[in-house]
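> As input, take entry21.cif (mmCIF, C-alpha atoms):
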data_coords
#
loop_
_atom_site.label_atom_id
_atom_site.label_comp_id
_atom_site.auth_asym_id
_atom_site.auth_seq_id
_atom_site.Cartn_x
_atom_site.Cartn_y
_atom_site.Cartn_z
CA MET A 422 -11.30 7.53 -32.05
CA SER A 423 -14.03 5.44 -30.50
CA GLN A 424 -14.98 5.96 -26.89
CA VAL A 425 -15.72 3.39 -24.21
CA ASN A 426 -18.76 3.54 -21.98
CA PRO A 427 -17.24 2.81 -18.54
CA ALA A 428 -20.59 1.46 -17.28
CA GLU A 429 -20.27 -1.34 -19.85
CA LEU A 430 -16.86 -2.50 -18.61
CA ASP A 431 -16.60 -5.68 -16.57
CA LEU A 432 -16.07 -5.47 -12.81
CA PRO A 433 -12.43 -6.68 -12.80
CA THR A 434 -11.49 -3.99 -15.33
CA LEU A 435 -13.36 -1.27 -13.47
CA VAL A 436 -11.76 -2.28 -10.17
CA ALA A 437 -8.28 -2.28 -11.71
CA LEU A 438 -8.82 1.13 -13.31
CA ALA A 439 -10.35 2.56 -10.14
CA GLY A 440 -7.50 1.18 -8.05
CA THR A 441 -4.91 2.81 -10.29
CA ALA A 442 -6.82 6.10 -10.25
CA ALA A 443 -7.22 5.98 -6.47
CA ASN A 444 -3.48 5.34 -6.02
CA GLN A 445 -2.63 8.29 -8.26
CA TYR A 446 -5.08 10.50 -6.33
CA LEU A 447 -3.54 9.40 -3.04
CA LEU A 448 -0.01 10.10 -4.27
CA ARG A 449 -1.02 13.59 -5.45
CA ARG A 450 -2.54 14.32 -2.05
CA LEU A 451 0.53 13.06 -0.21
CA HIS A 452 2.89 15.03 -2.45
CA GLU A 453 0.79 18.16 -1.82
CA GLN A 454 1.32 17.57 1.90
CA GLY A 455 5.09 17.49 1.50
CA TYR A 456 5.67 13.74 1.20
CA ASN A 457 7.68 14.24 -1.97
CA GLY A 458 9.13 11.18 -3.61
CA VAL A 459 6.61 8.79 -2.06
CA ARG A 460 5.67 6.07 -4.54
CA THR A 461 3.02 3.37 -4.64
CA SER A 462 5.68 0.73 -4.00
CA HIS A 463 6.43 2.34 -0.64
CA GLY A 464 2.89 1.46 0.45
CA TYR A 465 3.65 -2.24 0.02
CA VAL A 466 6.62 -1.87 2.35
CA ILE A 467 4.64 0.20 4.87
CA GLN A 468 1.85 -2.40 5.07
CA ASN A 469 4.48 -4.87 6.31
CA LEU A 470 5.71 -2.47 8.99
CA ILE A 471 2.37 -1.60 10.61
CA ASP A 472 2.40 -4.38 13.19
CA GLU A 473 5.80 -5.96 12.63
CA ALA A 474 9.48 -5.19 12.14
CA PRO A 475 10.80 -7.61 9.52
CA THR A 476 14.39 -7.92 8.36
CA VAL A 477 15.15 -6.88 4.79
CA GLY A 478 15.25 -10.58 3.87
CA GLU A 479 11.85 -11.21 5.42
CA LEU A 480 10.49 -8.13 3.69
CA ALA A 481 11.84 -9.37 0.35
CA ALA A 482 10.15 -12.75 0.80
CA ARG A 483 6.84 -11.12 1.73
CA LEU A 484 6.96 -8.80 -1.28
CA GLY A 485 8.11 -11.51 -3.67
CA VAL A 486 11.22 -9.56 -4.68
CA THR A 487 14.94 -10.14 -4.34
CA GLN A 488 16.73 -9.13 -1.17
CA GLN A 489 18.65 -6.59 -3.26
CA ALA A 490 15.38 -4.99 -4.47
CA ALA A 491 13.98 -4.86 -0.93
CA SER A 492 17.22 -3.39 0.38
CA LYS A 493 17.16 -0.72 -2.33
CA VAL A 494 13.66 0.46 -1.42
CA VAL A 495 14.47 0.39 2.31
CA VAL A 496 17.57 2.54 1.70
CA GLU A 497 15.44 4.92 -0.38
CA MET A 498 12.80 5.11 2.36
CA GLU A 499 15.51 5.62 5.01
CA GLY A 500 16.76 8.57 2.98
CA MET A 501 13.25 10.02 3.05
CA GLY A 502 13.10 9.55 6.83
CA LEU A 503 10.20 7.07 6.60
CA VAL A 504 11.90 3.96 8.00
CA THR A 505 14.89 3.04 10.09
CA ARG A 506 16.71 -0.18 10.88
CA VAL A 507 17.04 -1.15 14.51
CA PRO A 508 18.85 -4.05 16.20
CA ASP A 509 16.77 -7.12 16.94
CA SER A 510 15.89 -7.44 20.63
CA THR A 511 17.47 -10.90 20.89
CA ASP A 512 20.30 -10.73 18.34
CA SER A 513 21.96 -7.35 17.83
CA ARG A 514 23.54 -8.59 14.58
CA VAL A 515 20.08 -8.71 13.03
CA ARG A 516 18.59 -5.41 11.85
CA ARG A 517 14.82 -4.93 11.67
CA VAL A 518 13.01 -2.33 9.57
CA THR A 519 10.52 -0.09 11.39
CA LEU A 520 8.53 3.03 10.61
CA THR A 521 9.86 6.32 11.96
CA SER A 522 7.53 8.97 13.34
CA HIS A 523 7.63 10.57 9.86
CA GLY A 524 6.64 7.19 8.37
CA GLU A 525 3.79 6.91 10.89
CA ALA A 526 2.65 10.41 9.92
CA LEU A 527 2.69 9.35 6.24
CA LEU A 528 0.57 6.31 7.13
CA THR A 529 -1.91 8.55 8.95
CA ALA A 530 -2.00 11.04 6.06
CA GLY A 531 -2.63 8.23 3.59
CA ARG A 532 -5.45 6.81 5.67
CA LYS A 533 -7.00 10.27 5.96
CA ALA A 534 -6.83 10.88 2.21
CA ARG A 535 -8.41 7.48 1.46
CA ALA A 536 -11.17 8.13 4.00
CA GLU A 537 -11.90 11.51 2.39
CA LEU A 538 -12.09 9.89 -1.05
CA GLU A 539 -14.43 7.22 0.29
CA ARG A 540 -16.67 9.83 1.91
CA ALA A 541 -16.86 11.76 -1.38
CA VAL A 542 -17.87 8.64 -3.28
CA ALA A 543 -20.39 7.65 -0.59
CA ALA A 544 -21.92 11.14 -0.77
CA GLU A 545 -22.58 10.57 -4.47
CA VAL A 546 -23.76 6.97 -4.48
CA GLY A 547 -24.99 6.40 -0.94
CA ASP A 548 -24.28 3.22 0.97
CA LEU A 549 -21.06 1.58 -0.21
CA ALA A 550 -21.79 -1.79 1.43
CA ALA A 551 -22.86 -3.50 -1.82
CA ALA A 552 -19.82 -2.15 -3.67
CA LYS A 553 -17.53 -3.38 -0.91
CA ARG A 554 -19.19 -6.82 -0.96
CA ALA A 555 -18.61 -7.02 -4.72
CA VAL A 556 -14.95 -6.11 -4.41
CA LEU A 557 -14.45 -8.51 -1.48
CA SER A 558 -16.05 -11.26 -3.56
CA LEU A 559 -13.70 -10.44 -6.41
CA LEU A 560 -10.74 -10.70 -4.02
CA GLU A 561 -12.08 -14.03 -2.73
CA HIS A 562 -12.47 -15.43 -6.26
CA THR A 563 -8.96 -14.37 -7.24
CA GLY A 564 -7.48 -15.92 -4.09
CA ASP A 565 -6.12 -12.62 -2.79
CA LEU A 566 -8.49 -12.02 0.13
CA VAL A 567 -6.18 -13.88 2.54
CA ALA A 568 -3.22 -11.72 1.44
CA VAL A 569 -5.27 -8.59 2.12
CA THR A 570 -6.35 -9.90 5.52
CA ARG A 571 -2.74 -10.65 6.50
CA ARG A 572 -1.26 -7.44 5.04
CA ARG A 573 0.71 -9.55 2.58
CA VAL A 574 -0.36 -7.97 -0.70
CA ARG A 575 2.47 -8.02 -3.20
CA PRO A 576 3.16 -5.40 -5.85
CA ALA A 577 1.79 -6.28 -9.26
CA SER A 578 4.24 -8.00 -11.55
CA ASP A 579 4.04 -8.25 -15.30
#
Rewrite the coordinates I just gave you, this time as structure tokens.


Amino acid sequence: MSQVNPAELDLPTLVALAGTAANQYLLRRLHEQGYNGVRTSHGYVIQNLIDEAPTVGELAARLGVTQQAASKVVVEMEGMGLVTRVPDSTDSRVRRVTLTSHGEALLTAGRKARAELERAVAAEVGDLAAAKRAVLSLLEHTGDLVAVTRRRVRPASD
């Protein structure tokens, strides 16, 4: 079997592989901390709950999935104690999805694990500013920088 020299791979491939590896690392860390059952897809939901409380329908539109798919993941996350649905402040018939304190703790744990990973990489390679500029440029060229800025990144679809 032939081997690949990772240093010879193009930037988009390296970024995709590194992103997948970083997500798997993060999930392992979170599972070790007792956040069993947490999946990468939950992160896409959480990013939409940081500053807002969308309805399931709004969440579905933001994620580019059906309302049924969004409802399924919300129910799953409710069962894990990460989110809850609360009545809208102006229309009690409308239910909005929000993070619970357990969901907030998961968000904090995830941020901490990513910061630790970044510090470990920075300790090996030094200043990460050039690497970040390269990745930001890649996001700009793919048209996804605005989605990142607005916390509107959608899960990858095949």

> Within 7 Å of segment 489-494 of chain A, counting only C-alpha atoms, which residues show up once you throw out same-chain ones fewer than 4 positions away? Write them as a list in words, please.

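Listing them by chain and then by number gives Val477, Leu480, Ala481 and Met498 of chain A.
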
> So, with only C-alpha atoms as the atoms that count, which of A:Ala550, A:Leu527, A:Leu470, A:Ala482 lies closest to Thr505 of chain A?

A:Leu470

> Env of segment 425-442 of chain A: 8 Å cut, atoms = only C-alpha atoms, seq-sep filter 4 positions within chain, self excluded. Answer as number ranges by chain.

A: 446, 556, 559

> For Leu566 of chain A, which of A:His523, A:Arg483, A:Arg554, A:Arg535 is the closest residue, counting only C-alpha atoms?

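Once distances to Leu566 of chain A are computed over only C-alpha atoms, the minimum belongs to A:Arg554.
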
> Which residues of segment 447-559 of chain A sit at most 10 Å from segment 567-577 of chain A, using only C-alpha atoms? Give each one's shortest atom pair and distance in Å (one decimal place), in chain and ascending residue order, as CSV.


residue,atom,partner,partner_atom,distance
A:Thr461,CA,A:Pro576,CA,8.9
A:Ser462,CA,A:Pro576,CA,6.9
A:His463,CA,A:Pro576,CA,9.9
A:Gly464,CA,A:Pro576,CA,9.3
A:Tyr465,CA,A:Pro576,CA,6.7
A:Val466,CA,A:Arg575,CA,9.3
A:Ile467,CA,A:Arg572,CA,9.7
A:Gln468,CA,A:Arg572,CA,5.9
A:Asn469,CA,A:Arg572,CA,6.4
A:Leu470,CA,A:Arg572,CA,9.4
A:Ile471,CA,A:Arg572,CA,8.8
A:Asp472,CA,A:Arg572,CA,9.4
A:Leu480,CA,A:Arg573,CA,9.9
A:Ala482,CA,A:Arg575,CA,9.9
A:Arg483,CA,A:Arg573,CA,6.4
A:Leu484,CA,A:Arg575,CA,4.9
A:Gly485,CA,A:Arg575,CA,6.6
A:Val486,CA,A:Arg575,CA,9.0
A:Leu557,CA,A:Val569,CA,9.9

> Select, from A:Thr476, A:Leu447, A:Val459, A:Met501, the residue with the minimum atom-to-atom distance to Arg514 of chain A, counting only C-alpha atoms.

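Using only C-alpha atoms, the shortest distance to Arg514 of chain A belongs to A:Thr476.
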
> Would you work out the distance separating atom CA of Arg506 of chain A from atom CA of Thr519 of chain A, expressed in Å to one decimal?

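Pair atom CA of Arg506 of chain A / atom CA of Thr519 of chain A returns 6.2 Å.
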
> Output as an mmCIF file, in the frame of the given file: segment 440-451 of chain A, completed with all heavy atoms.


data_model
loop_
_atom_site.group_PDB
_atom_site.id
_atom_site.type_symbol
_atom_site.label_atom_id
_atom_site.label_comp_id
_atom_site.auth_asym_id
_atom_site.auth_seq_id
_atom_site.Cartn_x
_atom_site.Cartn_y
_atom_site.Cartn_z
ATOM 1 N N GLY A 440 -8.619 1.317 -8.974
ATOM 2 C CA GLY A 440 -7.500 1.180 -8.050
ATOM 3 C C GLY A 440 -6.308 2.026 -8.477
ATOM 4 O O GLY A 440 -5.684 2.711 -7.657
ATOM 5 N N THR A 441 -6.005 1.996 -9.766
ATOM 6 C CA THR A 441 -4.910 2.810 -10.290
ATOM 7 C C THR A 441 -5.207 4.298 -10.087
ATOM 8 O O THR A 441 -4.348 5.063 -9.633
ATOM 9 C CB THR A 441 -4.667 2.507 -11.774
ATOM 10 O OG1 THR A 441 -4.285 1.137 -11.902
ATOM 11 C CG2 THR A 441 -3.573 3.390 -12.353
ATOM 12 N N ALA A 442 -6.432 4.695 -10.409
ATOM 13 C CA ALA A 442 -6.820 6.100 -10.250
ATOM 14 C C ALA A 442 -6.770 6.526 -8.789
ATOM 15 O O ALA A 442 -6.307 7.626 -8.464
ATOM 16 C CB ALA A 442 -8.208 6.337 -10.837
ATOM 17 N N ALA A 443 -7.238 5.662 -7.900
ATOM 18 C CA ALA A 443 -7.220 5.980 -6.470
ATOM 19 C C ALA A 443 -5.787 6.117 -5.964
ATOM 20 O O ALA A 443 -5.486 7.014 -5.171
ATOM 21 C CB ALA A 443 -7.981 4.911 -5.676
ATOM 22 N N ASN A 444 -4.893 5.245 -6.427
ATOM 23 C CA ASN A 444 -3.480 5.340 -6.020
ATOM 24 C C ASN A 444 -2.863 6.646 -6.506
ATOM 25 O O ASN A 444 -2.113 7.298 -5.769
ATOM 26 C CB ASN A 444 -2.680 4.157 -6.560
ATOM 27 C CG ASN A 444 -2.874 2.911 -5.735
ATOM 28 O OD1 ASN A 444 -3.269 2.969 -4.578
ATOM 29 N ND2 ASN A 444 -2.606 1.766 -6.338
ATOM 30 N N GLN A 445 -3.166 7.040 -7.735
ATOM 31 C CA GLN A 445 -2.630 8.290 -8.260
ATOM 32 C C GLN A 445 -3.183 9.491 -7.479
ATOM 33 O O GLN A 445 -2.458 10.438 -7.179
ATOM 34 C CB GLN A 445 -2.944 8.431 -9.757
ATOM 35 C CG GLN A 445 -2.209 7.418 -10.619
ATOM 36 C CD GLN A 445 -0.705 7.453 -10.412
ATOM 37 O OE1 GLN A 445 -0.079 8.510 -10.438
ATOM 38 N NE2 GLN A 445 -0.101 6.289 -10.181
ATOM 39 N N TYR A 446 -4.459 9.446 -7.143
ATOM 40 C CA TYR A 446 -5.080 10.500 -6.330
ATOM 41 C C TYR A 446 -4.382 10.585 -4.976
ATOM 42 O O TYR A 446 -4.029 11.670 -4.504
ATOM 43 C CB TYR A 446 -6.570 10.186 -6.143
ATOM 44 C CG TYR A 446 -7.258 11.038 -5.113
ATOM 45 C CD1 TYR A 446 -7.801 12.285 -5.451
ATOM 46 C CD2 TYR A 446 -7.382 10.608 -3.791
ATOM 47 C CE1 TYR A 446 -8.435 13.067 -4.504
ATOM 48 C CE2 TYR A 446 -8.010 11.385 -2.837
ATOM 49 C CZ TYR A 446 -8.533 12.612 -3.197
ATOM 50 O OH TYR A 446 -9.153 13.387 -2.242
ATOM 51 N N LEU A 447 -4.188 9.443 -4.351
ATOM 52 C CA LEU A 447 -3.540 9.400 -3.040
ATOM 53 C C LEU A 447 -2.120 9.967 -3.111
ATOM 54 O O LEU A 447 -1.722 10.773 -2.259
ATOM 55 C CB LEU A 447 -3.506 7.961 -2.514
ATOM 56 C CG LEU A 447 -2.790 7.731 -1.190
ATOM 57 C CD1 LEU A 447 -3.453 8.495 -0.059
ATOM 58 C CD2 LEU A 447 -2.732 6.242 -0.870
ATOM 59 N N LEU A 448 -1.363 9.573 -4.132
ATOM 60 C CA LEU A 448 -0.010 10.100 -4.270
ATOM 61 C C LEU A 448 -0.010 11.611 -4.463
ATOM 62 O O LEU A 448 0.820 12.306 -3.868
ATOM 63 C CB LEU A 448 0.710 9.415 -5.440
ATOM 64 C CG LEU A 448 1.149 7.983 -5.196
ATOM 65 C CD1 LEU A 448 1.735 7.381 -6.465
ATOM 66 C CD2 LEU A 448 2.142 7.898 -4.048
ATOM 67 N N ARG A 449 -0.930 12.126 -5.278
ATOM 68 C CA ARG A 449 -1.020 13.590 -5.450
ATOM 69 C C ARG A 449 -1.274 14.267 -4.119
ATOM 70 O O ARG A 449 -0.642 15.274 -3.784
ATOM 71 C CB ARG A 449 -2.128 13.957 -6.445
ATOM 72 C CG ARG A 449 -1.767 13.785 -7.885
ATOM 73 C CD ARG A 449 -2.783 14.422 -8.821
ATOM 74 N NE ARG A 449 -4.166 14.049 -8.594
ATOM 75 C CZ ARG A 449 -4.769 12.979 -9.097
ATOM 76 N NH1 ARG A 449 -4.093 12.154 -9.880
ATOM 77 N NH2 ARG A 449 -6.038 12.731 -8.839
ATOM 78 N N ARG A 450 -2.210 13.739 -3.358
ATOM 79 C CA ARG A 450 -2.540 14.320 -2.050
ATOM 80 C C ARG A 450 -1.333 14.286 -1.119
ATOM 81 O O ARG A 450 -1.048 15.264 -0.419
ATOM 82 C CB ARG A 450 -3.721 13.573 -1.405
ATOM 83 C CG ARG A 450 -5.054 13.735 -2.108
ATOM 84 C CD ARG A 450 -5.629 15.149 -1.943
ATOM 85 N NE ARG A 450 -5.628 15.596 -0.579
ATOM 86 C CZ ARG A 450 -6.551 15.309 0.333
ATOM 87 N NH1 ARG A 450 -7.590 14.586 0.020
ATOM 88 N NH2 ARG A 450 -6.448 15.768 1.571
ATOM 89 N N LEU A 451 -0.632 13.177 -1.081
ATOM 90 C CA LEU A 451 0.530 13.060 -0.210
ATOM 91 C C LEU A 451 1.648 13.995 -0.649
ATOM 92 O O LEU A 451 2.302 14.632 0.183
ATOM 93 C CB LEU A 451 1.017 11.609 -0.153
ATOM 94 C CG LEU A 451 0.059 10.634 0.524
ATOM 95 C CD1 LEU A 451 0.552 9.197 0.366
ATOM 96 C CD2 LEU A 451 -0.165 10.993 1.984
#
